[in-house]
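Enquirer: Structure supplied as target34.txt; contents: compact mmCIF, C-alpha atoms.
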# COMPACT_ATOMS: atom_id res chain seq x y z
CA MET A 95 -20.73 -27.99 -52.31
CA GLU A 96 -18.87 -27.39 -55.59
CA LEU A 97 -16.76 -24.43 -56.70
CA TYR A 98 -17.21 -23.23 -60.26
CA LEU A 99 -15.09 -20.63 -62.06
CA PHE A 100 -16.46 -18.30 -64.74
CA ASN A 101 -14.43 -15.90 -66.86
CA ASN A 102 -15.21 -12.16 -66.96
CA ASN A 103 -17.66 -12.84 -69.79
CA ARG A 104 -19.51 -15.09 -67.29
CA GLU A 105 -18.74 -18.21 -69.34
CA LEU A 106 -18.02 -21.40 -67.42
CA ALA A 107 -14.26 -21.98 -67.23
CA GLY A 108 -14.16 -25.04 -65.02
CA LEU A 109 -14.45 -26.58 -61.58
CA VAL A 110 -11.97 -26.33 -58.70
CA GLU A 111 -11.32 -29.97 -57.86
CA SER A 112 -9.25 -29.52 -54.69
CA TYR A 113 -8.11 -26.74 -52.37
CA GLU A 114 -6.44 -26.22 -48.99
CA TYR A 115 -9.09 -23.93 -47.56
CA LEU A 116 -11.91 -21.55 -48.48
CA ARG A 117 -13.20 -18.71 -46.33
CA TRP A 118 -16.58 -17.43 -47.51
CA THR A 119 -17.71 -14.38 -45.50
CA ARG A 120 -21.29 -13.21 -45.91
CA GLN A 121 -22.34 -9.79 -44.59
CA TYR A 122 -25.79 -8.32 -44.10
CA THR A 123 -25.50 -4.61 -44.95
CA LYS A 124 -22.10 -4.75 -46.65
CA CYS A 125 -20.27 -6.55 -49.42
CA GLY A 126 -19.07 -10.04 -48.53
CA SER A 127 -15.62 -11.45 -49.30
CA PHE A 128 -13.72 -14.70 -49.83
CA GLU A 129 -10.24 -16.24 -49.73
CA LEU A 130 -9.24 -19.47 -51.46
CA LYS A 131 -5.90 -21.28 -51.19
CA ALA A 132 -5.09 -24.20 -53.47
CA ILE A 133 -2.12 -26.16 -54.75
CA ALA A 134 -0.76 -24.40 -57.84
CA SER A 135 -1.59 -27.17 -60.28
CA ASP A 136 -1.78 -26.36 -63.98
CA GLU A 137 -5.58 -26.63 -63.76
CA ASN A 138 -5.87 -24.26 -60.79
CA ILE A 139 -3.48 -21.71 -62.31
CA ALA A 140 -5.60 -21.71 -65.47
CA LEU A 141 -8.83 -21.20 -63.51
CA LEU A 142 -7.82 -18.82 -60.71
CA LYS A 143 -7.20 -15.58 -62.56
CA ILE A 144 -7.82 -11.95 -61.68
CA GLY A 145 -11.34 -10.95 -62.74
CA ASN A 146 -12.70 -14.49 -62.83
CA ILE A 147 -15.90 -15.27 -60.94
CA LEU A 148 -15.99 -17.87 -58.16
CA TRP A 149 -19.44 -19.36 -57.57
CA LYS A 150 -20.33 -21.77 -54.77
CA ASN A 151 -23.32 -23.73 -56.00
CA ASP A 152 -25.05 -23.74 -52.60
CA ASP A 153 -25.09 -19.93 -52.38
CA ALA A 154 -26.93 -17.21 -54.29
CA GLU A 155 -23.90 -14.90 -54.36
CA ALA A 156 -20.65 -15.16 -56.28
CA GLY A 157 -17.20 -13.64 -55.73
CA ILE A 158 -14.90 -11.79 -58.12
CA ILE A 159 -11.15 -12.48 -57.83
CA GLU A 160 -9.32 -9.21 -57.11
CA TYR A 161 -5.99 -10.39 -55.67
CA LEU A 162 -3.71 -13.30 -56.55
CA GLU A 163 -0.57 -14.58 -54.84
CA MET A 164 1.73 -17.44 -55.87
CA THR A 165 4.05 -18.89 -53.21
CA LEU A 166 6.66 -21.63 -53.06
CA GLN A 167 7.07 -23.43 -49.74
CA GLU A 168 7.21 -27.19 -49.56
CA GLN A 169 4.75 -26.99 -52.43
CA GLU A 170 3.61 -24.28 -54.81
CA TYR A 171 0.39 -22.62 -53.74
CA ILE A 172 -1.98 -20.13 -55.31
CA THR A 173 -4.12 -17.89 -53.10
CA VAL A 174 -6.89 -15.67 -54.44
CA ILE A 175 -8.90 -13.06 -52.55
CA GLY A 176 -11.90 -11.07 -53.64
CA ARG A 177 -15.28 -9.62 -52.82
CA PHE A 178 -18.79 -10.66 -53.73
CA ALA A 179 -20.41 -9.23 -56.87
CA THR A 180 -21.89 -6.29 -54.95
CA SER A 181 -18.33 -4.95 -55.35
CA LEU A 182 -19.25 -4.08 -58.96
CA LEU A 183 -20.85 -0.98 -57.42
CA SER A 184 -17.45 0.06 -56.04
CA ARG A 185 -16.20 0.54 -59.62
CA ARG A 186 -18.43 3.60 -59.98
CA ILE A 187 -18.86 6.93 -58.22
CA VAL A 188 -21.92 9.14 -57.94
CA TRP A 189 -20.97 11.27 -60.93
CA GLY A 190 -22.43 14.61 -59.84
CA THR A 191 -25.17 15.21 -57.28
CA GLU A 192 -28.17 12.99 -56.58
CA ILE A 193 -31.19 14.19 -54.58
CA LEU A 194 -32.67 11.12 -52.91
CA THR A 195 -36.22 11.18 -51.54
CA GLY A 196 -38.86 8.52 -51.02
CA ASP A 197 -38.41 4.86 -50.13
CA LEU A 198 -34.93 3.41 -49.70
CA SER A 199 -35.53 0.99 -52.57
CA ALA A 200 -36.39 3.85 -54.93
CA ALA A 201 -33.26 5.73 -53.84
CA VAL A 202 -31.06 2.69 -54.54
CA SER A 203 -32.79 2.20 -57.89
CA GLN A 204 -32.07 5.82 -58.82
CA LEU A 205 -28.40 5.48 -57.89
CA LEU A 206 -27.86 2.17 -59.70
CA ASN A 207 -29.72 3.18 -62.85
CA ASN A 208 -27.98 6.54 -63.14
CA HIS A 209 -24.45 5.33 -62.46
CA LEU A 210 -24.16 1.64 -63.34
CA ILE A 211 -27.11 0.01 -65.12
CA SER A 212 -28.23 2.69 -67.61
CA PRO A 213 -26.16 5.87 -67.17
CA VAL A 214 -26.28 8.68 -69.71
CA ASN A 215 -22.64 8.00 -70.54
CA THR A 216 -22.86 4.45 -71.91
CA ASP A 217 -19.14 3.91 -71.19
CA ARG A 218 -20.13 3.73 -67.51
CA ALA A 219 -22.69 0.95 -67.97
CA ILE A 220 -21.98 -2.60 -66.81
CA SER A 221 -24.05 -5.06 -68.83
CA GLY A 222 -25.78 -8.01 -67.23
CA VAL A 223 -26.57 -6.21 -63.98
CA ALA A 224 -30.15 -5.74 -62.80
CA TYR A 225 -31.94 -4.43 -59.74
CA THR A 226 -35.22 -5.73 -58.36
CA PRO A 227 -36.95 -2.89 -56.48
CA GLU A 228 -39.13 -3.84 -53.54
CA SER A 229 -40.49 -1.28 -51.09
CA MET A 230 -38.62 -1.48 -47.80
CA GLY A 231 -40.84 0.99 -45.93
CA VAL A 232 -37.80 3.11 -45.06
CA PRO A 233 -38.00 6.84 -45.97
CA VAL A 234 -34.90 8.54 -47.37
CA SER A 235 -34.28 12.28 -47.64
CA THR A 236 -30.72 13.23 -48.51
CA GLN A 237 -28.30 14.12 -51.26
CA VAL A 238 -24.92 12.72 -52.24
CA SER A 239 -22.16 13.97 -54.52
CA PHE A 240 -19.00 12.33 -55.94
CA ARG A 241 -19.00 9.44 -53.44
CA ASN A 242 -18.17 5.84 -54.19
CA LEU A 243 -21.39 4.17 -55.31
CA MET A 244 -21.04 1.03 -53.20
CA ASP A 245 -20.19 3.01 -50.07
CA THR A 246 -23.19 5.25 -50.68
CA VAL A 247 -25.62 2.35 -51.08
CA THR A 248 -24.27 0.19 -48.25
CA ASN A 249 -24.18 3.17 -45.87
CA LEU A 250 -27.87 3.75 -46.58
CA CYS A 251 -28.56 0.07 -45.95
CA ASP A 252 -26.51 0.06 -42.75
CA ALA A 253 -28.35 3.09 -41.35
CA ALA A 254 -31.71 1.48 -42.18
CA ASP A 255 -30.73 -2.04 -40.99
CA VAL A 256 -31.55 -3.42 -44.43
CA GLY A 257 -29.63 -6.23 -46.10
CA ILE A 258 -28.06 -6.13 -49.57
CA LYS A 259 -26.86 -8.97 -51.78
CA THR A 260 -26.15 -9.58 -55.46
CA ALA A 261 -27.44 -12.90 -56.73
CA PHE A 262 -25.70 -14.64 -59.64
CA ASP A 263 -27.59 -16.57 -62.30
CA PRO A 264 -24.94 -18.56 -64.21
CA VAL A 265 -27.41 -19.61 -66.92
CA ALA A 266 -28.64 -16.10 -67.69
CA LYS A 267 -25.16 -14.65 -66.94
CA LEU A 268 -26.94 -12.06 -64.80
CA PHE A 269 -26.10 -10.31 -61.52
CA THR A 270 -29.17 -9.04 -59.66
CA VAL A 271 -28.80 -6.57 -56.79
CA GLN A 272 -31.41 -7.13 -54.10
CA LEU A 273 -32.40 -5.45 -50.84
CA TYR A 274 -34.01 -7.55 -48.12
CA ALA A 275 -35.11 -7.38 -44.49
CA GLY A 276 -33.91 -10.25 -42.33
CA SER A 277 -36.67 -12.12 -40.52
CA ALA A 278 -36.95 -13.18 -36.88
CA SER A 279 -35.87 -16.68 -35.86
CA GLN A 280 -36.83 -18.72 -32.83
CA ALA A 281 -33.29 -20.10 -32.57
CA ILE A 282 -31.33 -19.50 -29.35
CA PHE A 283 -27.54 -19.76 -29.28
CA SER A 284 -26.06 -20.67 -25.91
CA LYS A 285 -23.14 -22.63 -24.49
CA GLU A 286 -25.66 -24.16 -22.12
CA TYR A 287 -27.62 -25.55 -25.10
CA GLU A 288 -24.38 -27.03 -26.50
CA ASN A 289 -24.93 -25.46 -29.93
CA ILE A 290 -21.83 -23.24 -29.80
CA MET A 291 -18.20 -24.18 -29.20
CA GLY A 292 -16.75 -20.76 -28.38
CA GLN A 293 -17.96 -17.21 -27.83
CA ILE A 294 -16.66 -13.64 -27.64
CA PHE A 295 -18.80 -10.79 -26.29
CA THR A 296 -17.83 -7.18 -27.10
CA GLU A 297 -19.34 -3.94 -25.80
CA SER A 298 -17.91 -0.48 -26.43
CA LEU A 299 -18.77 3.21 -26.04
CA LEU A 300 -15.49 4.45 -27.54
CA SER A 301 -17.17 5.91 -30.66
CA PHE A 302 -20.69 6.19 -29.26
CA ALA A 303 -23.02 9.17 -29.77
CA ASN A 304 -26.75 9.46 -29.15
CA THR A 305 -27.48 13.16 -29.71
CA ALA A 306 -26.61 15.17 -32.82
CA LEU A 307 -26.70 18.87 -33.56
CA VAL A 308 -27.05 19.16 -37.35
CA GLY A 309 -26.02 22.39 -39.05
CA GLY A 310 -27.59 23.06 -42.44
CA GLU A 311 -27.54 25.97 -44.85
CA GLY A 312 -26.71 29.51 -43.80
CA GLU A 313 -24.09 31.44 -41.82
CA GLY A 314 -24.00 32.64 -38.21
CA VAL A 315 -27.39 33.30 -36.65
CA GLU A 316 -28.99 32.67 -40.06
CA ARG A 317 -27.82 29.07 -40.17
CA THR A 318 -30.44 26.34 -39.88
CA PHE A 319 -29.96 23.88 -37.02
CA VAL A 320 -31.90 20.80 -35.91
CA THR A 321 -31.29 18.37 -33.07
CA THR A 322 -31.94 14.64 -33.11
CA GLY A 323 -31.47 11.92 -30.52
CA GLY A 324 -32.53 11.62 -26.92
CA GLY A 325 -29.58 11.53 -24.52
CA VAL A 326 -30.01 13.12 -21.08
CA GLY A 327 -27.50 14.08 -18.39
CA PHE A 328 -24.68 11.62 -17.74
CA ASP A 329 -25.97 9.37 -20.56
CA ARG A 330 -25.93 12.10 -23.25
CA TYR A 331 -23.14 11.82 -25.88
CA GLU A 332 -23.16 14.70 -28.37
CA ILE A 333 -21.73 15.18 -31.86
CA PHE A 334 -21.97 17.95 -34.46
CA VAL A 335 -22.92 17.02 -38.02
CA ASP A 336 -22.04 19.52 -40.75
CA ALA A 337 -24.75 19.35 -43.43
CA LYS A 338 -24.09 22.59 -45.31
CA ASP A 339 -24.14 20.61 -48.55
CA LEU A 340 -27.91 20.09 -48.10
CA ARG A 341 -29.65 23.08 -49.69
CA MET A 342 -33.19 24.27 -49.00
CA GLU A 343 -33.92 24.64 -52.72
CA ASP A 344 -33.26 20.92 -53.20
CA PHE A 345 -35.72 19.94 -50.44
CA PRO A 346 -38.46 22.61 -50.70
CA ASP A 347 -41.14 20.41 -49.11
CA ASP A 348 -39.28 19.40 -45.95
CA TYR A 349 -35.72 20.66 -45.49
CA GLU A 350 -35.79 19.72 -41.81
CA ALA A 351 -36.46 16.08 -42.74
CA ALA A 352 -33.28 16.05 -44.85
CA LEU A 353 -31.22 17.44 -41.96
CA LEU A 354 -32.73 14.94 -39.52
CA PHE A 355 -32.00 12.07 -41.91
CA ARG A 356 -28.34 13.16 -42.11
CA GLY A 357 -28.12 13.37 -38.33
CA ASN A 358 -29.83 10.03 -37.73
CA THR A 359 -27.59 8.36 -40.30
CA LYS A 360 -24.50 9.62 -38.47
CA LEU A 361 -25.90 8.46 -35.11
CA ALA A 362 -26.56 5.02 -36.60
CA GLU A 363 -22.88 4.87 -37.57
CA GLN A 364 -21.90 5.75 -34.00
CA ALA A 365 -24.29 3.44 -32.18
CA MET A 366 -23.06 1.43 -29.23
CA ILE A 367 -20.88 -1.49 -30.23
CA GLN A 368 -22.46 -4.66 -28.90
CA ALA A 369 -21.64 -7.95 -30.57
CA PHE A 370 -21.59 -11.66 -29.84
CA ASP A 371 -19.22 -13.76 -31.97
CA VAL A 372 -19.80 -17.49 -31.72
CA THR A 373 -18.31 -20.61 -33.27
CA VAL A 374 -21.25 -22.84 -34.10
CA ASN A 375 -21.35 -26.48 -33.08
CA GLN A 376 -22.17 -28.21 -36.37
CA TYR A 377 -23.60 -31.16 -34.44
CA GLY A 378 -25.82 -29.06 -32.18
CA ASN A 379 -29.58 -28.59 -32.32
CA LEU A 380 -29.54 -25.78 -34.93
CA THR A 381 -29.05 -26.20 -38.69
CA TYR A 382 -27.49 -23.44 -40.81
CA LYS A 383 -29.86 -21.95 -43.43
CA VAL A 384 -32.75 -23.87 -41.86
CA ASP A 385 -32.98 -22.65 -38.24
CA PHE A 386 -30.82 -19.55 -38.73
CA ASP A 387 -29.23 -17.54 -41.53
CA LEU A 388 -27.63 -14.19 -42.30
CA GLY A 389 -29.98 -11.33 -41.40
CA ASN A 390 -32.11 -13.28 -38.92
CA MET A 391 -32.90 -11.76 -35.54
CA ILE A 392 -31.51 -14.29 -33.04
CA LYS A 393 -31.27 -14.61 -29.29
CA ALA A 394 -27.83 -15.29 -27.80
CA VAL A 395 -27.53 -16.23 -24.13
CA SER A 396 -24.65 -16.78 -21.72
CA LYS A 397 -25.88 -17.58 -18.23
CA ARG A 398 -22.31 -17.69 -16.95
CA TRP A 399 -21.63 -14.13 -18.17
CA GLY A 400 -25.12 -12.85 -17.34
CA ILE A 401 -25.78 -11.85 -20.95
CA SER A 402 -28.97 -12.23 -22.95
CA MET A 403 -29.28 -10.27 -26.17
CA THR A 404 -31.53 -10.37 -29.21
CA ALA A 405 -29.68 -9.10 -32.25
CA ARG A 406 -29.35 -9.54 -35.97
CA ILE A 407 -26.87 -11.94 -37.55
CA THR A 408 -24.67 -9.42 -39.37
CA THR A 409 -21.82 -11.68 -40.51
CA VAL A 410 -21.48 -15.38 -41.28
CA GLU A 411 -18.06 -16.83 -42.08
CA GLU A 412 -18.01 -20.27 -43.66
CA SER A 413 -14.61 -22.01 -43.54
CA TYR A 414 -13.82 -25.15 -45.51
CA ASP A 415 -10.69 -27.27 -45.26
CA ARG A 416 -9.67 -30.92 -45.10
CA ASP A 417 -11.48 -31.30 -41.78
CA GLY A 418 -14.77 -30.13 -43.28
CA MET A 419 -16.80 -26.98 -42.66
CA SER A 420 -16.75 -24.67 -39.64
CA LEU A 421 -19.05 -21.73 -39.05
CA SER A 422 -18.54 -18.44 -37.19
CA VAL A 423 -21.49 -16.10 -36.64
CA THR A 424 -21.55 -12.47 -35.47
CA PHE A 425 -24.66 -11.04 -33.81
CA GLY A 426 -25.15 -7.31 -33.44
CA LYS A 427 -22.95 -4.36 -34.37
CA PRO A 428 -19.28 -5.40 -34.51
CA LEU A 429 -16.19 -3.24 -34.05
CA LEU A 430 -15.09 -1.31 -37.13
CA THR A 431 -12.06 -2.40 -39.07
CA LEU A 432 -9.23 0.11 -39.58
CA SER A 433 -10.27 0.72 -43.20
CA GLU A 434 -13.87 1.37 -42.11
CA LYS A 435 -12.67 3.87 -39.48
CA LEU A 436 -10.57 5.68 -42.08
CA LYS A 437 -13.50 5.84 -44.53
CA ARG A 438 -15.80 7.32 -41.90
CA SER A 439 -13.19 9.90 -40.89
CA GLU A 440 -13.23 11.11 -44.50
CA ASP A 441 -17.02 11.62 -44.55
Represent the structure of the file as structure tokens.
Expert:
Amino acid sequence: MELYLFNNNRELAGLVESYEYLRWTRQYTKCGSFELKAIASDENIALLKIGNILWKNDDAEAGIIEYLEMTLQEQEYITVIGRFATSLLSRRIVWGTEILTGDLSAAVSQLLNNHLISPVNTDRAISGVAYTPESMGVPVSTQVSFRNLMDTVTNLCDAADVGIKTAFDPVAKLFTVQLYAGSASQAIFSKEYENIMGQIFTESLLSFANTALVGGEGEGVERTFVTTGGGVGFDRYEIFVDAKDLRMEDFPDDYEAALLFRGNTKLAEQAMIQAFDVTVNQYGNLTYKVDFDLGNMIKAVSKRWGISMTARITTVEESYDRDGMSLSVTFGKPLLTLSEKLKRSED
């Protein structure tokens, strides 16, 4: 594995020869991130600059440096942090209102073309970014106004359980946004199979909801309401979803479908938290990117804890240091970070 640096014109600037550690965190429905710490040599200071692109030659994605810190301890160190190139979407908002209907891929294409790839205002365009549409078989019926573009797209992906990544072609100097559906894998992770070194199981109903009353256009008894979900009795957890921004005139063919989509999207956000975090045994019977990878549906078993769950790999964190590579994998829906909770409270 080699680390290459490109400037913001996507021209090769050099190669990082040595570093203390690298954390490379891949995520299925969200934008991945990285952190690199290195000795502050003249070469590293010249390469590790805000806006430069970090590309790991064994990965399709690349990261953009967004934070830099210089420290003096026993030695001088430089630490850079950033997000993968999908973060380019976060530099734009949905400038106005977009009515999104049809397949998820078509909706994402509409959003990217109108607000990043070929917007009417050419000042908003980012050159060298493409999108490869491929039908995902997921219907979308909603509208969005003045929201961050990356949040809008990744929220749609999260609700549909569809992956998103932005591949980097260093020769063509091109970033290509792609949607994909993770496949099933026959791999089984278990302490008993000696292919994991540690495990954490999390289950939570603290933010759970399974039934939504969605309020659409209108006032009082004239307001349109729909209900979605299927909770009953003790196991019914209700929420109200205000969807007054969805107007009948914008969805003349099926207004109810738009309200149901809004409600189901909110329920997907508030699904039960159930996650298995494992530290993979690199010398076990499973090989990363061969037997399992980000997005795969995997079975995780703990006989001692009485747990057997089949879930998607939603996060993979690769860590590199002087001792080599270590790998942490998250299956299922993990707990929200504080920033994610704050974002959702603003919706």
Enquirer: Can you pull out every residue within 9 Å of Val202 of chain A, counting only C-alpha atoms, but drop anything in the same chain fewer than 4 positions away, and send it as a list in words?
Expert: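 That gives Leu194, Asp197, Leu198, Leu206, Asn207, Tyr225, Pro227, Val247 and Leu250 of chain A.
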Enquirer: Considering all atoms listed in the file, tabulate each residue of segment 134-185 of chain A that lies at most 12 Å from segment 95-101 of chain A along with its nearest interatomic pair and the corresponding distance in Å to one decimal; arrange the rows by chain and ascending residue number and present them as JSON lines.
Expert:
{"residue": "A:Glu137", "atom": "CA", "partner": "A:Leu99", "partner_atom": "CA", "distance": 11.4}
{"residue": "A:Asn138", "atom": "CA", "partner": "A:Leu99", "partner_atom": "CA", "distance": 10.0}
{"residue": "A:Ile139", "atom": "CA", "partner": "A:Leu99", "partner_atom": "CA", "distance": 11.7}
{"residue": "A:Ala140", "atom": "CA", "partner": "A:Leu99", "partner_atom": "CA", "distance": 10.1}
{"residue": "A:Leu141", "atom": "CA", "partner": "A:Leu99", "partner_atom": "CA", "distance": 6.5}
{"residue": "A:Leu142", "atom": "CA", "partner": "A:Leu99", "partner_atom": "CA", "distance": 7.6}
{"residue": "A:Lys143", "atom": "CA", "partner": "A:Asn101", "partner_atom": "CA", "distance": 8.4}
{"residue": "A:Ile144", "atom": "CA", "partner": "A:Asn101", "partner_atom": "CA", "distance": 9.3}
{"residue": "A:Gly145", "atom": "CA", "partner": "A:Asn101", "partner_atom": "CA", "distance": 7.1}
{"residue": "A:Asn146", "atom": "CA", "partner": "A:Asn101", "partner_atom": "CA", "distance": 4.6}
{"residue": "A:Ile147", "atom": "CA", "partner": "A:Phe100", "partner_atom": "CA", "distance": 4.9}
{"residue": "A:Leu148", "atom": "CA", "partner": "A:Leu99", "partner_atom": "CA", "distance": 4.9}
{"residue": "A:Trp149", "atom": "CA", "partner": "A:Tyr98", "partner_atom": "CA", "distance": 5.2}
{"residue": "A:Lys150", "atom": "CA", "partner": "A:Leu97", "partner_atom": "CA", "distance": 4.9}
{"residue": "A:Asn151", "atom": "CA", "partner": "A:Glu96", "partner_atom": "CA", "distance": 5.8}
{"residue": "A:Asp152", "atom": "CA", "partner": "A:Met95", "partner_atom": "CA", "distance": 6.1}
{"residue": "A:Asp153", "atom": "CA", "partner": "A:Met95", "partner_atom": "CA", "distance": 9.2}
{"residue": "A:Ala156", "atom": "CA", "partner": "A:Tyr98", "partner_atom": "CA", "distance": 9.6}
{"residue": "A:Gly157", "atom": "CA", "partner": "A:Leu99", "partner_atom": "CA", "distance": 9.7}
{"residue": "A:Ile158", "atom": "CA", "partner": "A:Phe100", "partner_atom": "CA", "distance": 9.4}
{"residue": "A:Ile159", "atom": "CA", "partner": "A:Leu99", "partner_atom": "CA", "distance": 10.0}
Enquirer: Taking (-7.3, -18.7, -52.3) in the file's own coordinates, collect the residues within 12 Å, counting only C-alpha atoms, and hand them back as JSON, numbers by chain.
Expert: {"A": [97, 110, 112, 113, 114, 115, 116, 117, 118, 127, 128, 129, 130, 131, 132, 133, 134, 138, 139, 141, 142, 143, 144, 148, 157, 158, 159, 160, 161, 162, 163, 164, 165, 171, 172, 173, 174, 175, 176, 413, 414, 415]}
Enquirer: Which residues come within 12 Å of Ile367 of chain A, counting only C-alpha atoms, excluding same-chain residues fewer than 5 positions away, as a compact mmCIF listing (two decimals) with C-alpha atoms, in the frame of the given file?
Expert:
# COMPACT_ATOMS: atom_id res chain seq x y z
CA PHE A 295 -18.80 -10.79 -26.29
CA THR A 296 -17.83 -7.18 -27.10
CA GLU A 297 -19.34 -3.94 -25.80
CA SER A 298 -17.91 -0.48 -26.43
CA LEU A 299 -18.77 3.21 -26.04
CA LEU A 300 -15.49 4.45 -27.54
CA SER A 301 -17.17 5.91 -30.66
CA PHE A 302 -20.69 6.19 -29.26
CA ALA A 303 -23.02 9.17 -29.77
CA ALA A 362 -26.56 5.02 -36.60
CA ALA A 405 -29.68 -9.10 -32.25
CA PHE A 425 -24.66 -11.04 -33.81
CA GLY A 426 -25.15 -7.31 -33.44
CA LYS A 427 -22.95 -4.36 -34.37
CA PRO A 428 -19.28 -5.40 -34.51
CA LEU A 429 -16.19 -3.24 -34.05
CA LEU A 430 -15.09 -1.31 -37.13
Enquirer: Quote the spacing between atom CA of Lys397 of chain A and atom CA of Val372 of chain A in Å to one decimal place.
Expert: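 A separation of 14.8 Å between them.
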Enquirer: So, with all atoms listed in the file as the atoms that count, which of A:Asp385, A:Glu155, A:Asp245, A:Glu105 lies closest to Arg120 of chain A?
Expert: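 With all atoms listed in the file as the atom set, the closest residue is A:Glu155.
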Enquirer: Quick one: residues within 7 Å of Tyr122 of chain A, all atoms listed in the file, excluding same-chain residues fewer than 4 positions away - as an mmCIF file with C-alpha atoms, in the frame of the given file?
Expert:
data_model
loop_
_atom_site.group_PDB
_atom_site.id
_atom_site.type_symbol
_atom_site.label_atom_id
_atom_site.label_comp_id
_atom_site.auth_asym_id
_atom_site.auth_seq_id
_atom_site.Cartn_x
_atom_site.Cartn_y
_atom_site.Cartn_z
ATOM 1 C CA GLY A 257 -29.630 -6.230 -46.100
ATOM 2 C CA ILE A 258 -28.060 -6.130 -49.570
ATOM 3 C CA LEU A 388 -27.630 -14.190 -42.300
ATOM 4 C CA GLY A 389 -29.980 -11.330 -41.400
ATOM 5 C CA THR A 408 -24.670 -9.420 -39.370
ATOM 6 C CA THR A 409 -21.820 -11.680 -40.510
#
